[in-house]
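Source file: coords-v1.tsv (TSV, N, CA and C atoms)
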```tsv
chain	number	residue	atom	x	y	z
X	1	MET	N	-79.93	-33.72	56.50
X	1	MET	CA	-78.56	-33.38	56.17
X	1	MET	C	-77.82	-33.08	57.46
X	2	GLY	N	-76.71	-33.73	57.70
X	2	GLY	CA	-75.94	-33.57	58.92
X	2	GLY	C	-75.06	-32.33	58.88
X	3	LYS	N	-74.48	-32.06	60.05
X	3	LYS	CA	-73.56	-30.92	60.13
X	3	LYS	C	-72.28	-31.22	59.38
X	4	LYS	N	-71.68	-30.18	58.85
X	4	LYS	CA	-70.40	-30.34	58.18
X	4	LYS	C	-69.31	-30.46	59.23
X	5	LYS	N	-68.30	-31.24	58.91
X	5	LYS	CA	-67.14	-31.31	59.78
X	5	LYS	C	-66.45	-29.96	59.79
X	6	GLN	N	-65.74	-29.67	60.85
X	6	GLN	CA	-65.07	-28.38	60.99
X	6	GLN	C	-64.18	-28.08	59.78
X	7	GLU	N	-63.42	-29.09	59.29
X	7	GLU	CA	-62.51	-28.84	58.17
X	7	GLU	C	-63.25	-28.67	56.85
X	8	ASP	N	-64.53	-29.04	56.77
X	8	ASP	CA	-65.30	-28.90	55.55
X	8	ASP	C	-66.04	-27.57	55.44
X	9	LYS	N	-66.08	-26.81	56.53
X	9	LYS	CA	-66.79	-25.53	56.51
X	9	LYS	C	-66.02	-24.52	55.69
X	10	ARG	N	-66.74	-23.77	54.92
X	10	ARG	CA	-66.13	-22.72	54.10
X	10	ARG	C	-66.06	-21.45	54.95
X	11	THR	N	-64.87	-21.08	55.30
X	11	THR	CA	-64.69	-19.94	56.18
X	11	THR	C	-63.97	-18.78	55.53
X	12	ARG	N	-63.48	-18.96	54.32
X	12	ARG	CA	-62.70	-17.92	53.64
X	12	ARG	C	-63.51	-17.31	52.51
X	13	ASN	N	-63.47	-15.98	52.39
X	13	ASN	CA	-64.10	-15.27	51.28
X	13	ASN	C	-63.03	-14.86	50.29
X	14	VAL	N	-63.33	-14.99	49.03
X	14	VAL	CA	-62.45	-14.51	47.97
X	14	VAL	C	-63.24	-13.46	47.20
X	15	VAL	N	-62.69	-12.27	47.11
X	15	VAL	CA	-63.38	-11.18	46.44
X	15	VAL	C	-62.51	-10.67	45.30
X	16	PHE	N	-63.10	-10.55	44.12
X	16	PHE	CA	-62.40	-9.95	42.99
X	16	PHE	C	-63.40	-9.27	42.10
X	17	ARG	N	-62.93	-8.36	41.29
X	17	ARG	CA	-63.80	-7.55	40.44
X	17	ARG	C	-63.88	-8.14	39.03
X	18	MET	N	-65.05	-7.94	38.43
X	18	MET	CA	-65.29	-8.36	37.05
X	18	MET	C	-66.04	-7.25	36.34
X	19	THR	N	-65.89	-7.18	35.03
X	19	THR	CA	-66.71	-6.25	34.25
X	19	THR	C	-68.11	-6.84	34.15
X	20	GLU	N	-69.06	-6.02	33.72
X	20	GLU	CA	-70.42	-6.51	33.51
X	20	GLU	C	-70.43	-7.65	32.49
X	21	ASP	N	-69.63	-7.50	31.43
X	21	ASP	CA	-69.56	-8.54	30.39
X	21	ASP	C	-69.03	-9.85	30.97
X	22	GLU	N	-67.95	-9.75	31.75
X	22	GLU	CA	-67.37	-10.95	32.34
X	22	GLU	C	-68.35	-11.63	33.28
X	23	TYR	N	-69.04	-10.82	34.10
X	23	TYR	CA	-69.98	-11.40	35.04
X	23	TYR	C	-71.17	-12.04	34.31
X	24	GLY	N	-71.63	-11.39	33.25
X	24	GLY	CA	-72.72	-11.97	32.46
X	24	GLY	C	-72.31	-13.30	31.86
X	25	PHE	N	-71.08	-13.38	31.38
X	25	PHE	CA	-70.58	-14.63	30.80
X	25	PHE	C	-70.45	-15.70	31.88
X	26	LEU	N	-69.97	-15.31	33.07
X	26	LEU	CA	-69.86	-16.25	34.19
X	26	LEU	C	-71.23	-16.81	34.56
X	27	LYS	N	-72.22	-15.91	34.69
X	27	LYS	CA	-73.57	-16.35	35.04
X	27	LYS	C	-74.13	-17.31	33.99
X	28	LEU	N	-73.89	-16.98	32.72
X	28	LEU	CA	-74.38	-17.82	31.63
X	28	LEU	C	-73.77	-19.21	31.70
X	29	LYS	N	-72.46	-19.29	31.90
X	29	LYS	CA	-71.79	-20.58	31.97
X	29	LYS	C	-72.25	-21.37	33.20
X	30	ALA	N	-72.44	-20.69	34.32
X	30	ALA	CA	-72.89	-21.36	35.54
X	30	ALA	C	-74.30	-21.91	35.35
X	31	GLU	N	-75.18	-21.11	34.75
X	31	GLU	CA	-76.55	-21.56	34.51
X	31	GLU	C	-76.59	-22.79	33.61
X	32	LYS	N	-75.71	-22.81	32.60
X	32	LYS	CA	-75.66	-23.97	31.71
X	32	LYS	C	-75.30	-25.24	32.46
X	33	CYS	N	-74.54	-25.09	33.54
X	33	CYS	CA	-74.12	-26.24	34.33
X	33	CYS	C	-75.06	-26.50	35.50
X	34	GLY	N	-76.03	-25.63	35.69
X	34	GLY	CA	-76.99	-25.82	36.77
X	34	GLY	C	-76.42	-25.53	38.15
X	35	VAL	N	-75.45	-24.62	38.23
X	35	VAL	CA	-74.85	-24.26	39.52
X	35	VAL	C	-74.81	-22.75	39.66
X	36	THR	N	-74.51	-22.29	40.87
X	36	THR	CA	-74.36	-20.85	41.10
X	36	THR	C	-73.01	-20.40	40.55
X	37	PRO	N	-72.85	-19.09	40.33
X	37	PRO	CA	-71.54	-18.60	39.91
X	37	PRO	C	-70.43	-18.97	40.90
X	38	SER	N	-70.71	-18.90	42.20
X	38	SER	CA	-69.70	-19.28	43.20
X	38	SER	C	-69.30	-20.73	43.06
X	39	GLU	N	-70.29	-21.61	42.91
X	39	GLU	CA	-70.00	-23.04	42.78
X	39	GLU	C	-69.25	-23.31	41.47
X	40	PHE	N	-69.61	-22.59	40.42
X	40	PHE	CA	-68.92	-22.76	39.13
X	40	PHE	C	-67.43	-22.43	39.29
X	41	ILE	N	-67.13	-21.27	39.89
X	41	ILE	CA	-65.74	-20.88	40.08
X	41	ILE	C	-65.02	-21.90	40.96
X	42	ARG	N	-65.67	-22.31	42.05
X	42	ARG	CA	-65.07	-23.28	42.97
X	42	ARG	C	-64.69	-24.57	42.22
X	43	ARG	N	-65.60	-25.06	41.40
X	43	ARG	CA	-65.32	-26.31	40.68
X	43	ARG	C	-64.22	-26.13	39.64
X	44	VAL	N	-64.20	-24.99	38.96
X	44	VAL	CA	-63.15	-24.76	37.97
X	44	VAL	C	-61.79	-24.70	38.66
X	45	VAL	N	-61.72	-23.96	39.76
X	45	VAL	CA	-60.45	-23.82	40.47
X	45	VAL	C	-59.99	-25.16	41.03
X	46	LEU	N	-60.91	-25.93	41.55
X	46	LEU	CA	-60.56	-27.22	42.14
X	46	LEU	C	-60.52	-28.35	41.12
X	47	GLU	N	-60.71	-27.98	39.85
X	47	GLU	CA	-60.67	-28.93	38.74
X	47	GLU	C	-61.66	-30.08	38.90
X	48	LYS	N	-62.85	-29.72	39.37
X	48	LYS	CA	-63.93	-30.71	39.45
X	48	LYS	C	-64.69	-30.68	38.14
X	49	ARG	N	-65.28	-31.77	37.81
X	49	ARG	CA	-65.98	-31.90	36.53
X	49	ARG	C	-67.27	-31.09	36.52
X	50	LEU	N	-67.50	-30.39	35.41
X	50	LEU	CA	-68.73	-29.64	35.18
X	50	LEU	C	-69.38	-30.17	33.92
X	51	LEU	N	-70.66	-30.42	33.98
X	51	LEU	CA	-71.38	-30.91	32.81
X	51	LEU	C	-72.40	-29.87	32.37
X	52	TYR	N	-72.35	-29.52	31.10
X	52	TYR	CA	-73.37	-28.63	30.56
X	52	TYR	C	-74.64	-29.43	30.42
X	53	ARG	N	-75.75	-28.82	30.84
X	53	ARG	CA	-77.03	-29.52	30.78
X	53	ARG	C	-77.74	-29.13	29.50
X	54	ARG	N	-77.29	-29.69	28.40
X	54	ARG	CA	-77.93	-29.45	27.11
X	54	ARG	C	-78.24	-30.81	26.50
X	55	ALA	N	-79.48	-30.98	26.11
X	55	ALA	CA	-79.86	-32.22	25.46
X	55	ALA	C	-79.31	-32.18	24.04
X	56	LEU	N	-78.40	-33.07	23.75
X	56	LEU	CA	-77.80	-33.09	22.42
X	56	LEU	C	-78.65	-33.91	21.47
X	57	ILE	N	-78.97	-33.32	20.33
X	57	ILE	CA	-79.72	-34.04	19.32
X	57	ILE	C	-78.84	-34.27	18.10
X	58	HIS	N	-77.56	-34.02	18.29
X	58	HIS	CA	-76.64	-34.09	17.16
X	58	HIS	C	-75.24	-34.27	17.69
X	59	ASN	N	-74.34	-34.53	16.81
X	59	ASN	CA	-72.93	-34.54	17.18
X	59	ASN	C	-72.13	-33.74	16.14
X	60	ASP	N	-72.78	-32.75	15.59
X	60	ASP	CA	-72.19	-31.91	14.56
X	60	ASP	C	-71.56	-30.69	15.20
X	61	GLU	N	-70.25	-30.52	15.04
X	61	GLU	CA	-69.54	-29.41	15.66
X	61	GLU	C	-70.04	-28.05	15.16
X	62	ARG	N	-70.48	-27.99	13.90
X	62	ARG	CA	-71.00	-26.72	13.37
X	62	ARG	C	-72.22	-26.27	14.13
X	63	ILE	N	-73.11	-27.21	14.42
X	63	ILE	CA	-74.34	-26.88	15.14
X	63	ILE	C	-74.00	-26.50	16.58
X	64	THR	N	-73.10	-27.25	17.20
X	64	THR	CA	-72.69	-26.94	18.57
X	64	THR	C	-72.10	-25.53	18.64
X	65	GLU	N	-71.26	-25.19	17.68
X	65	GLU	CA	-70.66	-23.85	17.65
X	65	GLU	C	-71.73	-22.78	17.46
X	66	ALA	N	-72.67	-23.05	16.57
X	66	ALA	CA	-73.75	-22.08	16.33
X	66	ALA	C	-74.61	-21.90	17.58
X	67	LEU	N	-74.92	-23.00	18.27
X	67	LEU	CA	-75.71	-22.90	19.50
X	67	LEU	C	-74.95	-22.13	20.58
X	68	ASN	N	-73.66	-22.34	20.68
X	68	ASN	CA	-72.85	-21.59	21.65
X	68	ASN	C	-72.87	-20.10	21.32
X	69	ASN	N	-72.79	-19.76	20.03
X	69	ASN	CA	-72.82	-18.36	19.63
X	69	ASN	C	-74.17	-17.72	19.95
X	70	VAL	N	-75.25	-18.46	19.70
X	70	VAL	CA	-76.58	-17.95	20.02
X	70	VAL	C	-76.70	-17.73	21.53
X	71	SER	N	-76.14	-18.64	22.31
X	71	SER	CA	-76.16	-18.52	23.76
X	71	SER	C	-75.42	-17.26	24.21
X	72	LYS	N	-74.28	-16.98	23.59
X	72	LYS	CA	-73.52	-15.77	23.92
X	72	LYS	C	-74.32	-14.52	23.58
X	73	VAL	N	-75.02	-14.55	22.45
X	73	VAL	CA	-75.86	-13.41	22.06
X	73	VAL	C	-76.94	-13.19	23.11
X	74	GLY	N	-77.51	-14.28	23.61
X	74	GLY	CA	-78.51	-14.16	24.67
X	74	GLY	C	-77.96	-13.45	25.89
X	75	GLY	N	-76.73	-13.79	26.26
X	75	GLY	CA	-76.09	-13.12	27.39
X	75	GLY	C	-75.89	-11.65	27.13
X	76	LEU	N	-75.50	-11.31	25.92
X	76	LEU	CA	-75.30	-9.91	25.56
X	76	LEU	C	-76.63	-9.14	25.58
X	77	LEU	N	-77.70	-9.79	25.11
X	77	LEU	CA	-79.02	-9.14	25.14
X	77	LEU	C	-79.46	-8.88	26.58
X	78	ASN	N	-79.14	-9.81	27.48
X	78	ASN	CA	-79.46	-9.60	28.89
X	78	ASN	C	-78.71	-8.38	29.43
X	79	GLN	N	-77.47	-8.21	29.02
X	79	GLN	CA	-76.69	-7.06	29.47
X	79	GLN	C	-77.27	-5.75	28.94
X	80	ILE	N	-77.74	-5.78	27.69
X	80	ILE	CA	-78.37	-4.58	27.12
X	80	ILE	C	-79.64	-4.25	27.89
X	81	ALA	N	-80.45	-5.26	28.17
X	81	ALA	CA	-81.68	-5.04	28.94
X	81	ALA	C	-81.36	-4.49	30.32
X	82	ARG	N	-80.33	-5.02	30.97
X	82	ARG	CA	-79.93	-4.54	32.29
X	82	ARG	C	-79.51	-3.07	32.21
X	83	TYR	N	-78.80	-2.72	31.16
X	83	TYR	CA	-78.36	-1.32	30.97
X	83	TYR	C	-79.57	-0.39	30.90
X	84	TYR	N	-80.56	-0.74	30.07
X	84	TYR	CA	-81.73	0.12	29.93
X	84	TYR	C	-82.61	0.11	31.17
X	85	ASN	N	-82.72	-1.04	31.82
X	85	ASN	CA	-83.53	-1.11	33.04
X	85	ASN	C	-82.93	-0.33	34.19
X	86	SER	N	-81.62	-0.06	34.12
X	86	SER	CA	-80.97	0.71	35.18
X	86	SER	C	-80.88	2.19	34.81
X	87	GLY	N	-81.62	2.62	33.80
X	87	GLY	CA	-81.68	4.03	33.45
X	87	GLY	C	-80.74	4.44	32.33
X	88	GLY	N	-80.21	3.49	31.57
X	88	GLY	CA	-79.32	3.81	30.46
X	88	GLY	C	-80.00	4.66	29.40
X	89	VAL	N	-79.25	5.52	28.78
X	89	VAL	CA	-79.78	6.45	27.79
X	89	VAL	C	-79.79	5.79	26.41
X	90	GLU	N	-80.92	5.89	25.74
X	90	GLU	CA	-81.06	5.33	24.40
X	90	GLU	C	-80.88	6.44	23.37
X	91	THR	N	-80.06	6.17	22.37
X	91	THR	CA	-79.88	7.12	21.28
X	91	THR	C	-80.35	6.47	19.99
X	92	GLU	N	-80.52	7.28	18.97
X	92	GLU	CA	-80.95	6.75	17.67
X	92	GLU	C	-79.92	5.77	17.13
X	93	GLN	N	-78.63	6.05	17.30
X	93	GLN	CA	-77.58	5.16	16.81
X	93	GLN	C	-77.61	3.82	17.54
X	94	ILE	N	-77.79	3.87	18.86
X	94	ILE	CA	-77.87	2.62	19.64
X	94	ILE	C	-79.07	1.80	19.19
X	95	ARG	N	-80.22	2.46	19.00
X	95	ARG	CA	-81.43	1.76	18.54
X	95	ARG	C	-81.18	1.11	17.19
X	96	LYS	N	-80.52	1.83	16.28
X	96	LYS	CA	-80.23	1.31	14.95
X	96	LYS	C	-79.27	0.11	15.04
X	97	ASP	N	-78.22	0.24	15.86
X	97	ASP	CA	-77.26	-0.86	16.03
X	97	ASP	C	-77.91	-2.11	16.59
X	98	ILE	N	-78.78	-1.92	17.59
X	98	ILE	CA	-79.48	-3.07	18.18
X	98	ILE	C	-80.38	-3.73	17.15
X	99	GLN	N	-81.11	-2.94	16.37
X	99	GLN	CA	-82.00	-3.52	15.35
X	99	GLN	C	-81.22	-4.30	14.31
X	100	GLU	N	-80.06	-3.77	13.89
X	100	GLU	CA	-79.22	-4.49	12.94
X	100	GLU	C	-78.73	-5.81	13.53
X	101	ALA	N	-78.36	-5.79	14.81
X	101	ALA	CA	-77.89	-7.01	15.47
X	101	ALA	C	-79.01	-8.03	15.58
X	102	VAL	N	-80.21	-7.57	15.94
X	102	VAL	CA	-81.36	-8.48	16.04
X	102	VAL	C	-81.67	-9.09	14.68
X	103	ASN	N	-81.63	-8.29	13.62
X	103	ASN	CA	-81.88	-8.81	12.28
X	103	ASN	C	-80.83	-9.83	11.88
X	104	ALA	N	-79.57	-9.59	12.23
X	104	ALA	CA	-78.50	-10.54	11.91
X	104	ALA	C	-78.70	-11.85	12.66
X	105	VAL	N	-79.12	-11.78	13.91
X	105	VAL	CA	-79.38	-13.00	14.69
X	105	VAL	C	-80.55	-13.77	14.09
X	106	ARG	N	-81.62	-13.07	13.73
X	106	ARG	CA	-82.77	-13.74	13.11
X	106	ARG	C	-82.35	-14.45	11.83
X	107	SER	N	-81.57	-13.76	11.01
X	107	SER	CA	-81.10	-14.33	9.76
X	107	SER	C	-80.26	-15.58	10.01
X	108	ALA	N	-79.35	-15.48	10.98
X	108	ALA	CA	-78.49	-16.63	11.30
X	108	ALA	C	-79.32	-17.81	11.81
X	109	CYS	N	-80.34	-17.53	12.63
X	109	CYS	CA	-81.20	-18.60	13.14
X	109	CYS	C	-81.98	-19.27	12.03
X	110	MET	N	-82.49	-18.47	11.09
X	110	MET	CA	-83.23	-19.04	9.97
X	110	MET	C	-82.31	-19.91	9.11
X	111	LYS	N	-81.09	-19.43	8.87
X	111	LYS	CA	-80.12	-20.20	8.09
X	111	LYS	C	-79.77	-21.50	8.80
X	112	LEU	N	-79.55	-21.43	10.11
X	112	LEU	CA	-79.22	-22.63	10.88
X	112	LEU	C	-80.38	-23.62	10.86
X	113	THR	N	-81.61	-23.12	10.99
X	113	THR	CA	-82.78	-23.99	10.96
X	113	THR	C	-82.87	-24.73	9.63
X	114	LYS	N	-82.63	-24.02	8.53
X	114	LYS	CA	-82.67	-24.65	7.22
X	114	LYS	C	-81.58	-25.71	7.09
X	115	GLU	N	-80.37	-25.40	7.57
X	115	GLU	CA	-79.28	-26.37	7.51
X	115	GLU	C	-79.60	-27.62	8.32
X	116	ILE	N	-80.20	-27.44	9.49
X	116	ILE	CA	-80.57	-28.59	10.32
X	116	ILE	C	-81.63	-29.43	9.61
X	117	GLU	N	-82.62	-28.77	9.01
X	117	GLU	CA	-83.67	-29.49	8.30
X	117	GLU	C	-83.09	-30.29	7.14
X	118	VAL	N	-82.15	-29.70	6.41
X	118	VAL	CA	-81.54	-30.40	5.28
X	118	VAL	C	-80.71	-31.58	5.78
X	119	GLU	N	-79.93	-31.34	6.83
X	119	GLU	CA	-79.01	-32.37	7.33
X	119	GLU	C	-79.72	-33.49	8.08
X	120	TYR	N	-80.72	-33.11	8.94
X	120	TYR	CA	-81.32	-34.09	9.84
X	120	TYR	C	-82.82	-34.33	9.60
X	121	GLY	N	-83.38	-33.67	8.62
X	121	GLY	CA	-84.80	-33.82	8.36
X	121	GLY	C	-85.60	-32.84	9.21
X	122	ARG	N	-86.83	-32.59	8.82
X	122	ARG	CA	-87.68	-31.63	9.54
X	122	ARG	C	-87.99	-32.17	10.92
X	123	THR	N	-87.87	-31.29	11.94
X	123	THR	CA	-88.14	-31.72	13.32
X	123	THR	C	-89.45	-31.19	13.82
```

Would you write out, as structure tokens, the structure that this file holds?
Amino acid sequence: MGKKKQEDKRTRNVVFRMTEDEYGFLKLKAEKCGVTPSEFIRRVVLEKRLLYRRALIHNDERITEALNNVSKVGGLLNQIARYYNSGGVETEQIRKDIQEAVNAVRSACMKLTKEIEVEYGRT
């Protein structure tokens, strides 16, 4: 790999603040595209094309929406884990809320699996 031309070198830093939720969402979107958060932002700002690296087995918008929602839940679960790993305090109410959320996700996944099996056959 050769040296970059002087005009191609990145010499400027851009710094801005994000909430934990925003940063988690940024990381999730960047990972889906196979790039770093910095590269993701750079491409969005410069209007370069980004491709999500998901093998599509369907063209059903309902399934795509459901998969996107499951992906968002995964990001939220990572944020919860980060909170507890950094010394966050667990209460009985928080434990109950998390269990209810996990049960709702399991139920939604089972429902989605059944719908896929009915629509596309058992995989």

Near-Ile98 (chain X) list (12 Å; only C-alpha atoms; drop same-chain fewer than 6 positions) as a PyMOL selection string: chain X and resi 73+76-77+80-81+90-92+104-105

Atom C of Glu61 (chain X) to atom N of Ala30 (chain X), straight-line distance in Å: 20.7 Å

Who sits within 10 Å of Ala66 (chain X), only C-alpha atoms, same chain under 5 positions skipped, as a ChimeraX atom specification: /X:61,71-72,108-109,112

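CA of Ser107 (chain X) is positioned 24.8 Å from atom C of Asp21 (chain X).
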
Straight-line distance linking CA of Gly75 (chain X) with CA of Phe25 (chain X), stated in Å to one decimal: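 Computed distance, CA of Gly75 (chain X) to CA of Phe25 (chain X), equals 6.7 Å.
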
Helix (DSSP H, G or I) residues, from DSSP on the backbone, in region 17-101 of chain X, as a PyMOL selection string: chain X and resi 20-33+37-45+61-85+92-101

Rebuild N, CA, C and O atoms on region 95-106 of chain X, as a PDB file, in the frame of the given file?
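Done, and the output landed in out_8.pdb:
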```pdb
ATOM      1  N   ARG X  95     -80.220   2.460  19.000  1.00  0.00           N
ATOM      2  CA  ARG X  95     -81.430   1.760  18.540  1.00  0.00           C
ATOM      3  C   ARG X  95     -81.180   1.110  17.190  1.00  0.00           C
ATOM      4  O   ARG X  95     -81.542  -0.042  16.955  1.00  0.00           O
ATOM      5  N   LYS X  96     -80.520   1.830  16.280  1.00  0.00           N
ATOM      6  CA  LYS X  96     -80.230   1.310  14.950  1.00  0.00           C
ATOM      7  C   LYS X  96     -79.270   0.110  15.040  1.00  0.00           C
ATOM      8  O   LYS X  96     -79.488  -0.911  14.387  1.00  0.00           O
ATOM      9  N   ASP X  97     -78.220   0.240  15.860  1.00  0.00           N
ATOM     10  CA  ASP X  97     -77.260  -0.860  16.030  1.00  0.00           C
ATOM     11  C   ASP X  97     -77.910  -2.110  16.590  1.00  0.00           C
ATOM     12  O   ASP X  97     -77.646  -3.230  16.147  1.00  0.00           O
ATOM     13  N   ILE X  98     -78.780  -1.920  17.590  1.00  0.00           N
ATOM     14  CA  ILE X  98     -79.480  -3.070  18.180  1.00  0.00           C
ATOM     15  C   ILE X  98     -80.380  -3.730  17.150  1.00  0.00           C
ATOM     16  O   ILE X  98     -80.418  -4.958  17.041  1.00  0.00           O
ATOM     17  N   GLN X  99     -81.110  -2.940  16.370  1.00  0.00           N
ATOM     18  CA  GLN X  99     -82.000  -3.520  15.350  1.00  0.00           C
ATOM     19  C   GLN X  99     -81.220  -4.300  14.310  1.00  0.00           C
ATOM     20  O   GLN X  99     -81.628  -5.387  13.896  1.00  0.00           O
ATOM     21  N   GLU X 100     -80.060  -3.770  13.890  1.00  0.00           N
ATOM     22  CA  GLU X 100     -79.220  -4.490  12.940  1.00  0.00           C
ATOM     23  C   GLU X 100     -78.730  -5.810  13.530  1.00  0.00           C
ATOM     24  O   GLU X 100     -78.716  -6.837  12.850  1.00  0.00           O
ATOM     25  N   ALA X 101     -78.360  -5.790  14.810  1.00  0.00           N
ATOM     26  CA  ALA X 101     -77.890  -7.010  15.470  1.00  0.00           C
ATOM     27  C   ALA X 101     -79.010  -8.030  15.580  1.00  0.00           C
ATOM     28  O   ALA X 101     -78.811  -9.222  15.318  1.00  0.00           O
ATOM     29  N   VAL X 102     -80.210  -7.570  15.940  1.00  0.00           N
ATOM     30  CA  VAL X 102     -81.360  -8.480  16.040  1.00  0.00           C
ATOM     31  C   VAL X 102     -81.670  -9.090  14.680  1.00  0.00           C
ATOM     32  O   VAL X 102     -81.916 -10.303  14.562  1.00  0.00           O
ATOM     33  N   ASN X 103     -81.630  -8.290  13.620  1.00  0.00           N
ATOM     34  CA  ASN X 103     -81.880  -8.810  12.280  1.00  0.00           C
ATOM     35  C   ASN X 103     -80.830  -9.830  11.880  1.00  0.00           C
ATOM     36  O   ASN X 103     -81.148 -10.856  11.253  1.00  0.00           O
ATOM     37  N   ALA X 104     -79.570  -9.590  12.230  1.00  0.00           N
ATOM     38  CA  ALA X 104     -78.500 -10.540  11.910  1.00  0.00           C
ATOM     39  C   ALA X 104     -78.700 -11.850  12.660  1.00  0.00           C
ATOM     40  O   ALA X 104     -78.503 -12.933  12.093  1.00  0.00           O
ATOM     41  N   VAL X 105     -79.120 -11.780  13.910  1.00  0.00           N
ATOM     42  CA  VAL X 105     -79.380 -13.000  14.690  1.00  0.00           C
ATOM     43  C   VAL X 105     -80.550 -13.770  14.090  1.00  0.00           C
ATOM     44  O   VAL X 105     -80.485 -14.994  13.935  1.00  0.00           O
ATOM     45  N   ARG X 106     -81.620 -13.070  13.730  1.00  0.00           N
ATOM     46  CA  ARG X 106     -82.770 -13.740  13.110  1.00  0.00           C
ATOM     47  C   ARG X 106     -82.350 -14.450  11.830  1.00  0.00           C
ATOM     48  O   ARG X 106     -82.733 -15.590  11.569  1.00  0.00           O
TER      49      ARG X 106
END
```
